[in-house]
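Shown next: entry.json, given as JSON, C-alpha atoms and all ligand atoms.
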```
[["chain", "number", "residue", "atom", "x", "y", "z"],
["A", 194, "MET", "CA", -18.63, -4.22, 32.23],
["A", 195, "LYS", "CA", -17.33, -3.95, 35.67],
["A", 196, "ARG", "CA", -18.17, -0.88, 37.52],
["A", 197, "THR", "CA", -16.89, 1.18, 40.10],
["A", 198, "CYS", "CA", -18.55, -0.99, 42.60],
["A", 199, "LEU", "CA", -16.90, -4.25, 42.77],
["A", 200, "ALA", "CA", -14.35, -3.12, 40.50],
["A", 201, "LEU", "CA", -12.56, -0.56, 42.38],
["A", 202, "ALA", "CA", -11.47, -2.70, 44.93],
["A", 203, "GLY", "CA", -10.50, -1.83, 48.05],
["A", 204, "ALA", "CA", -9.96, -2.97, 51.13],
["A", 205, "LEU", "CA", -9.07, -5.66, 52.34],
["A", 206, "VAL", "CA", -6.87, -7.66, 54.02],
["A", 207, "LEU", "CA", -6.44, -5.41, 56.94],
["A", 208, "LEU", "CA", -9.96, -4.32, 56.89],
["A", 209, "SER", "CA", -11.28, -7.79, 56.59],
["A", 210, "ALA", "CA", -9.02, -9.17, 59.22],
["A", 211, "ALA", "CA", -10.00, -6.42, 61.59],
["A", 212, "ALA", "CA", -13.66, -6.63, 60.77],
["A", 213, "ARG", "CA", -14.14, -10.33, 61.09],
["A", 214, "PRO", "CA", -14.27, -10.63, 64.87],
["A", 215, "VAL", "CA", -16.72, -7.75, 64.97],
["A", 216, "GLN", "CA", -18.80, -9.39, 62.28],
["A", 217, "GLN", "CA", -19.05, -12.58, 64.26],
["A", 218, "ALA", "CA", -19.97, -10.80, 67.45],
["A", 219, "ALA", "CA", -22.50, -8.42, 65.96],
["A", 220, "LYS", "CA", -25.70, -9.92, 64.66],
["A", 221, "PRO", "CA", -27.77, -8.23, 62.03],
["A", 222, "ALA", "CA", -30.12, -5.73, 63.60],
["A", 223, "VAL", "CA", -33.13, -7.65, 62.33],
["A", 224, "PRO", "CA", -32.19, -11.32, 62.00],
["A", 225, "ASP", "CA", -34.47, -13.60, 60.07],
["A", 226, "PHE", "CA", -36.45, -10.78, 58.57],
["A", 227, "PRO", "CA", -36.26, -10.81, 54.79],
["A", 228, "VAL", "CA", -34.27, -8.11, 53.07],
["A", 229, "ARG", "CA", -35.14, -9.28, 49.56],
["A", 230, "TYR", "CA", -38.13, -7.29, 48.35],
["A", 231, "GLU", "CA", -39.68, -10.28, 46.57],
["A", 232, "GLU", "CA", -39.51, -12.44, 49.68],
["A", 233, "LEU", "CA", -41.47, -10.07, 51.91],
["A", 234, "THR", "CA", -45.16, -10.67, 52.40],
["A", 235, "SER", "CA", -47.36, -7.67, 51.90],
["A", 236, "PRO", "CA", -47.95, -7.17, 55.66],
["A", 237, "ASP", "CA", -44.21, -7.68, 56.27],
["A", 238, "PHE", "CA", -43.45, -5.03, 53.68],
["A", 239, "VAL", "CA", -45.13, -2.47, 55.92],
["A", 240, "GLN", "CA", -42.80, -3.47, 58.74],
["A", 241, "ALA", "CA", -39.82, -3.51, 56.39],
["A", 242, "VAL", "CA", -40.41, 0.09, 55.37],
["A", 243, "ALA", "CA", -40.39, 1.10, 59.03],
["A", 244, "ARG", "CA", -37.39, -1.05, 59.92],
["A", 245, "SER", "CA", -35.40, 0.24, 56.99],
["A", 246, "GLY", "CA", -36.04, 3.88, 57.80],
["A", 247, "ALA", "CA", -37.98, 4.04, 54.52],
["A", 248, "THR", "CA", -34.89, 3.08, 52.50],
["A", 249, "CYS", "CA", -34.51, 0.65, 49.64],
["A", 250, "ILE", "CA", -31.56, -0.38, 47.47],
["A", 251, "ILE", "CA", -32.01, -0.94, 43.75],
["A", 252, "PRO", "CA", -29.06, -3.10, 42.62],
["A", 253, "LEU", "CA", -28.44, -2.33, 38.95],
["A", 254, "GLY", "CA", -26.69, -4.72, 36.60],
["A", 255, "ILE", "CA", -27.13, -5.70, 32.99],
["A", 256, "LEU", "CA", -27.32, -8.70, 30.68],
["A", 257, "GLU", "CA", -24.20, -8.70, 28.52],
["A", 258, "LYS", "CA", -21.25, -10.84, 27.54],
["A", 259, "HIS", "CA", -18.60, -11.17, 30.23],
["A", 260, "GLY", "CA", -15.67, -12.60, 28.33],
["A", 261, "PRO", "CA", -15.86, -16.22, 27.23],
["A", 262, "HIS", "CA", -15.99, -17.47, 30.83],
["A", 263, "LEU", "CA", -18.41, -15.50, 33.04],
["A", 264, "PRO", "CA", -22.22, -15.42, 32.95],
["A", 265, "LEU", "CA", -24.27, -12.79, 31.13],
["A", 266, "GLY", "CA", -25.70, -11.64, 34.45],
["A", 267, "THR", "CA", -22.35, -11.17, 36.22],
["A", 268, "ASP", "CA", -23.04, -7.55, 37.15],
["A", 269, "LEU", "CA", -26.53, -8.40, 38.40],
["A", 270, "ILE", "CA", -25.34, -11.33, 40.46],
["A", 271, "ASP", "CA", -22.34, -9.57, 42.03],
["A", 272, "CYS", "CA", -24.01, -6.26, 42.66],
["A", 273, "ARG", "CA", -26.97, -7.78, 44.41],
["A", 274, "GLU", "CA", -24.65, -9.87, 46.59],
["A", 275, "VAL", "CA", -22.82, -6.73, 47.72],
["A", 276, "SER", "CA", -26.19, -5.17, 48.51],
["A", 277, "LEU", "CA", -27.42, -8.22, 50.43],
["A", 278, "ARG", "CA", -24.20, -8.40, 52.47],
["A", 279, "ALA", "CA", -24.52, -4.75, 53.41],
["A", 280, "ALA", "CA", -28.23, -5.06, 54.20],
["A", 281, "ALA", "CA", -27.47, -7.96, 56.56],
["A", 282, "LYS", "CA", -25.46, -5.53, 58.66],
["A", 283, "GLU", "CA", -27.60, -2.43, 58.26],
["A", 284, "TYR", "CA", -31.19, -3.28, 57.46],
["A", 285, "THR", "CA", -32.63, -2.00, 54.24],
["A", 286, "ILE", "CA", -34.88, -3.51, 51.59],
["A", 287, "VAL", "CA", -33.10, -4.88, 48.51],
["A", 288, "PHE", "CA", -35.04, -4.64, 45.27],
["A", 289, "PRO", "CA", -34.87, -7.55, 42.76],
["A", 290, "PRO", "CA", -31.98, -7.63, 40.28],
["A", 291, "TYR", "CA", -32.54, -4.71, 37.91],
["A", 292, "PHE", "CA", -31.30, -5.35, 34.38],
["A", 293, "VAL", "CA", -32.68, -2.38, 32.43],
["A", 294, "GLY", "CA", -29.57, -0.33, 31.68],
["A", 295, "GLN", "CA", -27.25, 1.21, 29.10],
["A", 296, "ILE", "CA", -25.41, -1.41, 27.06],
["A", 297, "PHE", "CA", -25.53, -0.35, 23.42],
["A", 298, "GLU", "CA", -21.77, -0.96, 23.11],
["A", 299, "ALA", "CA", -22.30, -4.72, 23.41],
["A", 300, "LYS", "CA", -25.18, -5.10, 20.96],
["A", 301, "ASN", "CA", -22.84, -6.99, 18.64],
["A", 302, "GLN", "CA", -22.34, -9.74, 21.23],
["A", 303, "PRO", "CA", -24.68, -12.70, 21.87],
["A", 304, "GLY", "CA", -27.02, -12.35, 24.83],
["A", 305, "THR", "CA", -27.02, -8.58, 25.23],
["A", 306, "ILE", "CA", -30.37, -7.01, 26.14],
["A", 307, "ALA", "CA", -30.15, -3.31, 25.22],
["A", 308, "TYR", "CA", -33.35, -1.34, 25.81],
["A", 309, "GLY", "CA", -33.90, 2.05, 24.16],
["A", 310, "SER", "CA", -32.34, 5.14, 25.68],
["A", 311, "ARG", "CA", -35.57, 6.92, 26.64],
["A", 312, "MET", "CA", -37.08, 3.80, 28.10],
["A", 313, "LEU", "CA", -34.11, 3.39, 30.44],
["A", 314, "LEU", "CA", -34.91, 6.65, 32.16],
["A", 315, "ASP", "CA", -38.66, 6.08, 32.16],
["A", 316, "VAL", "CA", -38.51, 2.62, 33.71],
["A", 317, "LEU", "CA", -36.08, 3.69, 36.39],
["A", 318, "GLN", "CA", -38.11, 6.80, 37.20],
["A", 319, "GLN", "CA", -41.33, 4.85, 37.41],
["A", 320, "THR", "CA", -39.66, 2.21, 39.57],
["A", 321, "CYS", "CA", -38.56, 4.95, 41.96],
["A", 322, "ASP", "CA", -42.02, 6.56, 41.84],
["A", 323, "GLU", "CA", -43.63, 3.25, 42.67],
["A", 324, "LEU", "CA", -41.28, 2.67, 45.60],
["A", 325, "ALA", "CA", -42.13, 6.15, 46.86],
["A", 326, "ARG", "CA", -45.85, 5.46, 46.48],
["A", 327, "ASN", "CA", -45.20, 2.48, 48.76],
["A", 328, "GLY", "CA", -43.61, 4.59, 51.47],
["A", 329, "ILE", "CA", -39.92, 4.56, 50.50],
["A", 330, "ARG", "CA", -38.40, 8.02, 50.92],
["A", 331, "LYS", "CA", -34.73, 7.28, 50.26],
["A", 332, "ILE", "CA", -33.74, 5.16, 47.28],
["A", 333, "ILE", "CA", -30.16, 3.92, 47.01],
["A", 334, "LEU", "CA", -28.86, 2.99, 43.56],
["A", 335, "VAL", "CA", -26.05, 0.43, 43.75],
["A", 336, "ASN", "CA", -24.55, 0.08, 40.31],
["A", 337, "GLY", "CA", -22.66, -3.02, 39.21],
["A", 338, "HIS", "CA", -22.28, -2.08, 35.55],
["A", 339, "GLY", "CA", -19.74, 0.41, 34.20],
["A", 340, "GLY", "CA", -21.90, 1.22, 31.17],
["A", 341, "ASN", "CA", -24.47, 2.73, 33.55],
["A", 342, "ASP", "CA", -22.13, 5.26, 35.14],
["A", 343, "SER", "CA", -23.07, 8.28, 33.04],
["A", 344, "LEU", "CA", -26.74, 7.28, 32.84],
["A", 345, "LEU", "CA", -27.15, 7.07, 36.59],
["A", 346, "ARG", "CA", -25.44, 10.36, 37.26],
["A", 347, "TYR", "CA", -27.74, 11.97, 34.72],
["A", 348, "PHE", "CA", -30.70, 10.21, 36.34],
["A", 349, "CYS", "CA", -29.76, 11.72, 39.70],
["A", 350, "GLN", "CA", -29.47, 15.16, 38.14],
["A", 351, "SER", "CA", -32.87, 14.70, 36.49],
["A", 352, "GLN", "CA", -34.49, 14.26, 39.90],
["A", 353, "LEU", "CA", -34.47, 18.06, 40.09],
["A", 354, "GLU", "CA", -36.68, 18.31, 37.02],
["A", 355, "SER", "CA", -39.86, 18.36, 39.07],
["A", 356, "ARG", "CA", -40.92, 18.24, 42.70],
["A", 357, "ARG", "CA", -40.90, 14.90, 44.46],
["A", 358, "ASP", "CA", -41.06, 13.86, 48.09],
["A", 359, "TYR", "CA", -38.29, 11.27, 47.98],
["A", 360, "ALA", "CA", -34.57, 11.34, 47.29],
["A", 361, "VAL", "CA", -32.34, 9.19, 45.10],
["A", 362, "TYR", "CA", -28.78, 8.49, 46.24],
["A", 363, "LEU", "CA", -26.15, 6.83, 44.04],
["A", 364, "PHE", "CA", -23.58, 4.67, 45.86],
["A", 365, "ASP", "CA", -20.26, 6.23, 44.90],
["A", 366, "PRO", "CA", -17.54, 4.22, 46.67],
["A", 367, "ALA", "CA", -13.97, 5.38, 47.01],
["A", 368, "PHE", "CA", -11.35, 3.37, 48.82],
["A", 369, "ASP", "CA", -8.71, 5.07, 50.91],
["A", 370, "ALA", "CA", -5.03, 4.88, 50.03],
["A", 371, "ALA", "CA", -4.29, 2.09, 52.48],
["A", 372, "THR", "CA", -7.06, -0.04, 51.04],
["A", 373, "GLU", "CA", -5.97, 0.63, 47.49],
["A", 374, "ALA", "CA", -2.43, -0.37, 48.44],
["A", 375, "ARG", "CA", -3.63, -3.57, 49.99],
["A", 376, "LEU", "CA", -5.66, -4.43, 46.95],
["A", 377, "ALA", "CA", -2.76, -3.63, 44.69],
["A", 378, "LYS", "CA", -0.76, -6.32, 46.47],
["A", 379, "LEU", "CA", -3.43, -8.89, 45.70],
["A", 380, "ARG", "CA", -3.79, -7.86, 42.09],
["A", 381, "LYS", "CA", -1.80, -9.80, 39.51],
["A", 382, "THR", "CA", -2.68, -8.09, 36.24],
["A", 383, "ALA", "CA", -2.12, -4.50, 35.12],
["A", 384, "VAL", "CA", -4.93, -4.25, 32.56],
["A", 385, "ASP", "CA", -8.49, -4.88, 33.73],
["A", 386, "GLY", "CA", -11.91, -3.45, 33.12],
["A", 387, "HIS", "CA", -14.38, -6.06, 31.99],
["A", 388, "ALA", "CA", -14.54, -9.76, 32.85],
["A", 389, "GLY", "CA", -10.87, -9.54, 33.84],
["A", 390, "GLU", "CA", -9.13, -10.42, 37.09],
["A", 391, "GLU", "CA", -11.45, -8.44, 39.35],
["A", 392, "GLU", "CA", -14.81, -9.61, 38.10],
["A", 393, "THR", "CA", -13.59, -13.18, 37.76],
["A", 394, "SER", "CA", -12.24, -13.07, 41.32],
["A", 395, "VAL", "CA", -15.50, -11.73, 42.70],
["A", 396, "MET", "CA", -17.55, -14.43, 41.00],
["A", 397, "LEU", "CA", -15.10, -17.08, 42.23],
["A", 398, "ALA", "CA", -15.61, -15.77, 45.75],
["A", 399, "HIS", "CA", -19.32, -16.47, 45.87],
["A", 400, "HIS", "CA", -20.38, -18.42, 42.75],
["A", 401, "PRO", "CA", -17.42, -20.53, 41.55],
["A", 402, "ASP", "CA", -19.93, -22.82, 39.85],
["A", 403, "LEU", "CA", -20.63, -20.05, 37.33],
["A", 404, "VAL", "CA", -16.98, -19.46, 36.40],
["A", 405, "HIS", "CA", -15.42, -21.35, 33.50],
["A", 406, "LEU", "CA", -11.85, -20.45, 34.28],
["A", 407, "ASP", "CA", -10.47, -22.82, 31.67],
["A", 408, "ARG", "CA", -12.16, -20.73, 28.96],
["A", 409, "ALA", "CA", -10.91, -17.34, 30.17],
["A", 410, "GLY", "CA", -7.99, -17.41, 27.73],
["A", 411, "ALA", "CA", -10.10, -18.44, 24.75],
["A", 412, "GLU", "CA", -10.40, -14.80, 23.61],
["A", 413, "SER", "CA", -8.15, -11.79, 23.90],
["A", 414, "GLY", "CA", -8.94, -9.10, 26.46],
["A", 415, "GLU", "CA", -6.19, -6.84, 25.20],
["A", 416, "ASP", "CA", -6.85, -3.14, 24.53],
["A", 417, "VAL", "CA", -6.18, -2.92, 20.80],
["A", 418, "LYS", "CA", -6.32, 0.93, 20.78],
["A", 419, "ARG", "CA", -7.91, 1.39, 17.37],
["A", 420, "LEU", "CA", -8.63, 5.06, 18.11],
["A", 421, "ALA", "CA", -5.19, 5.92, 19.44],
["A", 422, "GLY", "CA", -4.87, 8.71, 16.89],
["A", 423, "LEU", "CA", -7.78, 10.66, 18.35],
["A", 424, "LYS", "CA", -6.79, 13.46, 20.75],
["A", 425, "TYR", "CA", -8.92, 15.14, 23.43],
["A", 426, "ALA", "CA", -12.06, 13.52, 22.07],
["A", 427, "TYR", "CA", -14.76, 11.23, 23.38],
["A", 428, "THR", "CA", -16.90, 9.21, 21.00],
["A", 429, "GLY", "CA", -19.44, 6.45, 21.57],
["A", 430, "ILE", "CA", -17.47, 3.79, 19.72],
["A", 431, "TRP", "CA", -14.48, 4.17, 22.08],
["A", 432, "TRP", "CA", -15.13, 0.94, 23.95],
["A", 433, "TYR", "CA", -15.59, -1.18, 20.83],
["A", 434, "ALA", "CA", -12.49, 0.46, 19.37],
["A", 435, "GLY", "CA", -10.36, -0.81, 22.22],
["A", 436, "GLN", "CA", -12.17, -4.00, 23.22],
["A", 437, "PRO", "CA", -13.65, -5.70, 20.16],
["A", 438, "ASN", "CA", -14.29, -8.88, 22.14],
["A", 439, "HIS", "CA", -16.13, -6.94, 24.86],
["A", 440, "TYR", "CA", -13.46, -8.23, 27.22],
["A", 441, "ARG", "CA", -10.75, -6.21, 28.92],
["A", 442, "GLY", "CA", -8.11, -7.93, 31.02],
["A", 443, "ASP", "CA", -7.39, -11.57, 31.72],
["A", 444, "GLY", "CA", -9.89, -13.55, 33.74],
["A", 445, "SER", "CA", -7.39, -16.41, 34.04],
["A", 446, "ALA", "CA", -5.73, -14.45, 36.84],
["A", 447, "GLY", "CA", -8.88, -14.49, 38.93],
["A", 448, "ASN", "CA", -8.66, -15.88, 42.43],
["A", 449, "LYS", "CA", -11.05, -16.26, 45.32],
["A", 450, "GLU", "CA", -8.96, -14.35, 47.87],
["A", 451, "PHE", "CA", -8.91, -11.19, 45.78],
["A", 452, "GLY", "CA", -12.63, -11.51, 45.19],
["A", 453, "GLN", "CA", -13.37, -11.91, 48.87],
["A", 454, "ALA", "CA", -11.28, -8.85, 49.63],
["A", 455, "LEU", "CA", -13.21, -6.84, 47.06],
["A", 456, "PHE", "CA", -16.53, -8.02, 48.45],
["A", 457, "GLU", "CA", -15.63, -7.07, 51.99],
["A", 458, "ALA", "CA", -14.30, -3.68, 50.98],
["A", 459, "GLU", "CA", -17.25, -2.82, 48.83],
["A", 460, "SER", "CA", -19.96, -4.01, 51.18],
["A", 461, "GLY", "CA", -18.20, -2.27, 54.08],
["A", 462, "LEU", "CA", -18.46, 1.06, 52.32],
["A", 463, "LEU", "CA", -22.07, 0.37, 51.42],
["A", 464, "VAL", "CA", -22.92, -0.25, 55.08],
["A", 465, "GLU", "CA", -21.44, 3.16, 55.88],
["A", 466, "MET", "CA", -23.41, 4.72, 53.07],
["A", 467, "ILE", "CA", -26.74, 3.17, 54.17],
["A", 468, "ARG", "CA", -26.19, 4.43, 57.72],
["A", 469, "SER", "CA", -25.42, 7.93, 56.50],
["A", 470, "VAL", "CA", -28.46, 7.95, 54.22],
["A", 471, "LYS", "CA", -30.73, 6.84, 57.05],
["A", 472, "LYS", "CA", -29.46, 9.70, 59.23],
["A", 473, "ASP", "CA", -29.62, 12.26, 56.44],
["A", 474, "THR", "CA", -32.36, 14.86, 56.81],
["A", 475, "VAL", "CA", -30.65, 17.57, 54.81],
["A", 476, "THR", "CA", -31.20, 16.21, 51.30],
["A", 477, "LEU", "CA", -34.99, 16.07, 51.51],
["A", 478, "GLU", "CA", -35.13, 19.41, 53.31],
["A", 479, "LEU", "CA", -32.98, 21.08, 50.63],
["A", 480, "GLN", "CA", -34.97, 19.44, 47.85],
["A", 481, "LYS", "CA", -38.18, 20.91, 49.29],
["A", 482, "ARG", "CA", -36.65, 24.38, 49.60],
["A", 483, "PHE", "CA", -35.26, 24.13, 46.08],
["A", 484, "PHE", "CA", -38.61, 23.19, 44.57],
["A", 485, "ASP", "CA", -40.38, 25.92, 46.54],
["A", 486, "ASP", "CA", -37.95, 28.45, 45.07],
["A", 487, "ALA", "CA", -38.05, 26.90, 41.61],
["A", 488, "ALA", "CA", -41.83, 27.41, 41.53],
["A", 489, "LYS", "CA", -41.32, 31.16, 42.02],
["A", 490, "PRO", "CA", -37.75, 31.95, 40.97],
["A", 491, "LEU", "CA", -38.32, 35.72, 40.95],
["A", 492, "GLU", "CA", -38.96, 35.53, 44.68],
["A", 493, "THR", "CA", -35.80, 33.57, 45.46],
["A", 494, "LYS", "CA", -33.77, 35.47, 48.05],
["A", 495, "PRO", "CA", -29.95, 35.51, 48.18],
["A", 496, "PHE", "CA", -28.62, 32.71, 50.35],
["A", 497, "LYS", "CA", -27.33, 33.78, 53.74],
["A", 498, "ARG", "CA", -25.93, 31.59, 56.50],
["A", 501, "ZN", "ZN", -19.42, -6.69, 34.64]]
```

Would you mind giving the structure from this file in structure tokens?
Ligand SMILES: [Zn+2]
Amino acid sequence: MKRTCLALAGALVLLSAAARPVQQAAKPAVPDFPVRYEELTSPDFVQAVARSGATCIIPLGILEKHGPHLPLGTDLIDCREVSLRAAAKEYTIVFPPYFVGQIFEAKNQPGTIAYGSRMLLDVLQQTCDELARNGIRKIILVNGHGGNDSLLRYFCQSQLESRRDYAVYLFDPAFDAATEARLAKLRKTAVDGHAGEEETSVMLAHHPDLVHLDRAGAESGEDVKRLAGLKYAYTGIWWYAGQPNHYRGDGSAGNKEFGQALFEAESGLLVEMIRSVKKDTVTLELQKRFFDDAAKPLETKPFKR
């Protein structure tokens, strides 16, 4: 499922046109130093923690069907690319593709790997704990999979369960009106949401070899609205009710230009986010104060400016 990340599209043409000269002029702060966690040597990792300001991105995707034409790992592949592009401009460590996520709604489709609900939280928490044990103080979750949206917000909330000396930040991109308008001009289809025009375009922009465009029309990505009679209600079968093929939209409309625009918009916002997270001292300070108070709530004093 596409996610807010590469899916919300934004930005583009103007942004990209304006940004390109700057991109060419400005070199990454730390050229030739690996950003991929698995490519760092152990001694280099020590340097990487310092260079990154003790930050690390975990790019979260999933293994699930993406229409009849895109690879199972689409979210993993795209999301990590956004992270790598951003890290090339603002150094941070990028964790390996992380495929443990919420995807029960696609268990009826070939290739889906759907781990149990409790395990999802445990593995992610322990991954964060292990990064923190290795000196990372600020962990950035970059989500490429729509089915993770609620899980990751809950995960962030659950960081207040007990004291910890690191913070978790979820990348939560929002394009401005001008960007949305620009993207709207590039968009050809009205219905999208999973393996449709956006995700197909993004994959075409960096991995055309993995796109089987001629198969995109082999199944229907129409919303068949089988729960249209239900009012003011949310239920877990909602996605399957509308998208029985686990496909929403029409990947045939995918094109490289739209994908490139989405990439540039998304990674641009992520660069801004990384910079703001590096500068942020308030979150960890507030967390400490909160946990101090939470240990002795009867002694908590009214907040005054
Ligand atoms: Zn997807």

Identify, counting all atoms listed in the file, the protein, DNA and RNA residues located within 12 Å of ligand ZN 501 (chain A), and give them as number ranges by chain.
-> A: 194-200, 253-260, 262-272, 292, 296, 299, 336-341, 385-396, 439-442, 444

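Here CA of Tyr308 (chain A) is placed at a distance of 29.5 Å from CA of Ile467 (chain A).
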
Quick one: of A:Phe297, A:Tyr359, A:Val287, A:Ile329, who's nearest to Val239 (chain A), counting all atoms listed in the file?
->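 Ranking A:Phe297, A:Tyr359, A:Val287, A:Ile329 by distance to Val239 (chain A), first place goes to A:Ile329.
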
Surrounding residues of Gly246 (chain A) excluding itself and chain neighbours under 4 positions, 8 Å, all atoms listed in the file, as a list of chain:residue names | A:Val242, A:Thr285, A:Lys471

Please identify all polymer residues within 8 Å of Gly410 (chain A), counting all atoms listed in the file, omitting same-chain residues fewer than 5 positions from it, and present them as a PyMOL selection string.
-> chain A and resi 261+443-445

If you count all atoms listed in the file, the residue of A:Val293, A:Val384, A:Leu455, A:Ala488 closest to Asp315 (chain A) turns out to be A:Val293

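Distances to Ala371 (chain A) were evaluated for A:Asp342, A:Asn327, A:Ala458, A:Asp402 using only C-alpha atoms, and the minimum falls at A:Ala458.
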
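Closest approach to Arg273 (chain A) among A:Asn438, A:Ser351, A:Thr476, A:Ser460: A:Ser460, based on only C-alpha atoms.
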
A:Ala383, A:Cys249, A:Phe226, A:Ala377 ranked by distance to Cys321 (chain A), top pick (using all atoms listed in the file) |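 Using all atoms listed in the file, the shortest distance to Cys321 (chain A) belongs to A:Cys249.
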
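Using all atoms listed in the file, the smallest distance between any of A:Tyr284, A:Trp431, A:Tyr230, A:Phe238 and Lys418 (chain A) comes from A:Trp431.
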
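Our summary of the geometry notes that CA of Phe483 (chain A) is positioned 21.5 Å from CA of Arg326 (chain A).
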
Provide the CA of Pro290 (chain A) to CA of Trp432 (chain A) distance in Å, to one decimal place.
->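 So the answer is 25.0 Å.
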
Report as a PDB file with C-alpha atoms, in the frame of the given file all protein, DNA and RNA residues lying within 10 Å of Ser276 (chain A), evaluated on all atoms listed in the file, omitting residues in the same chain fewer than 5 positions from it.
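This is the output file selection-v8.pdb:
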```
ATOM      1  CA  VAL A 228     -34.270  -8.110  53.070  1.00  0.00           C
ATOM      2  CA  ARG A 229     -35.140  -9.280  49.560  1.00  0.00           C
ATOM      3  CA  ILE A 250     -31.560  -0.380  47.470  1.00  0.00           C
ATOM      4  CA  ILE A 251     -32.010  -0.940  43.750  1.00  0.00           C
ATOM      5  CA  PRO A 252     -29.060  -3.100  42.620  1.00  0.00           C
ATOM      6  CA  ASP A 271     -22.340  -9.570  42.030  1.00  0.00           C
ATOM      7  CA  ALA A 281     -27.470  -7.960  56.560  1.00  0.00           C
ATOM      8  CA  THR A 285     -32.630  -2.000  54.240  1.00  0.00           C
ATOM      9  CA  ILE A 286     -34.880  -3.510  51.590  1.00  0.00           C
ATOM     10  CA  VAL A 287     -33.100  -4.880  48.510  1.00  0.00           C
ATOM     11  CA  PHE A 288     -35.040  -4.640  45.270  1.00  0.00           C
ATOM     12  CA  LEU A 334     -28.860   2.990  43.560  1.00  0.00           C
ATOM     13  CA  VAL A 335     -26.050   0.430  43.750  1.00  0.00           C
ATOM     14  CA  ASN A 336     -24.550   0.080  40.310  1.00  0.00           C
ATOM     15  CA  GLU A 459     -17.250  -2.820  48.830  1.00  0.00           C
ATOM     16  CA  SER A 460     -19.960  -4.010  51.180  1.00  0.00           C
ATOM     17  CA  LEU A 463     -22.070   0.370  51.420  1.00  0.00           C
ATOM     18  CA  VAL A 464     -22.920  -0.250  55.080  1.00  0.00           C
TER      19      VAL A 464
END
```

Do you know which residues lie at most 12 Å from (-5.6, -1.9, 18.6), with coordinates as in the file and only C-alpha atoms counted, and could you write them as a PyMOL selection string?
-> chain A and resi 413-422+431-438

Let me know the centre plus edge lengths, in Å and rounded to one decimal, of a box with edges along x, y and z that contains all listed atoms of region 224-239 of chain A and is padded by 5 Å on every side, as AutoDock Vina command-line options.
```
--center_x -40.1 --center_y -8.0 --center_z 54.3 --size_x 25.8 --size_y 21.1 --size_z 25.4
```
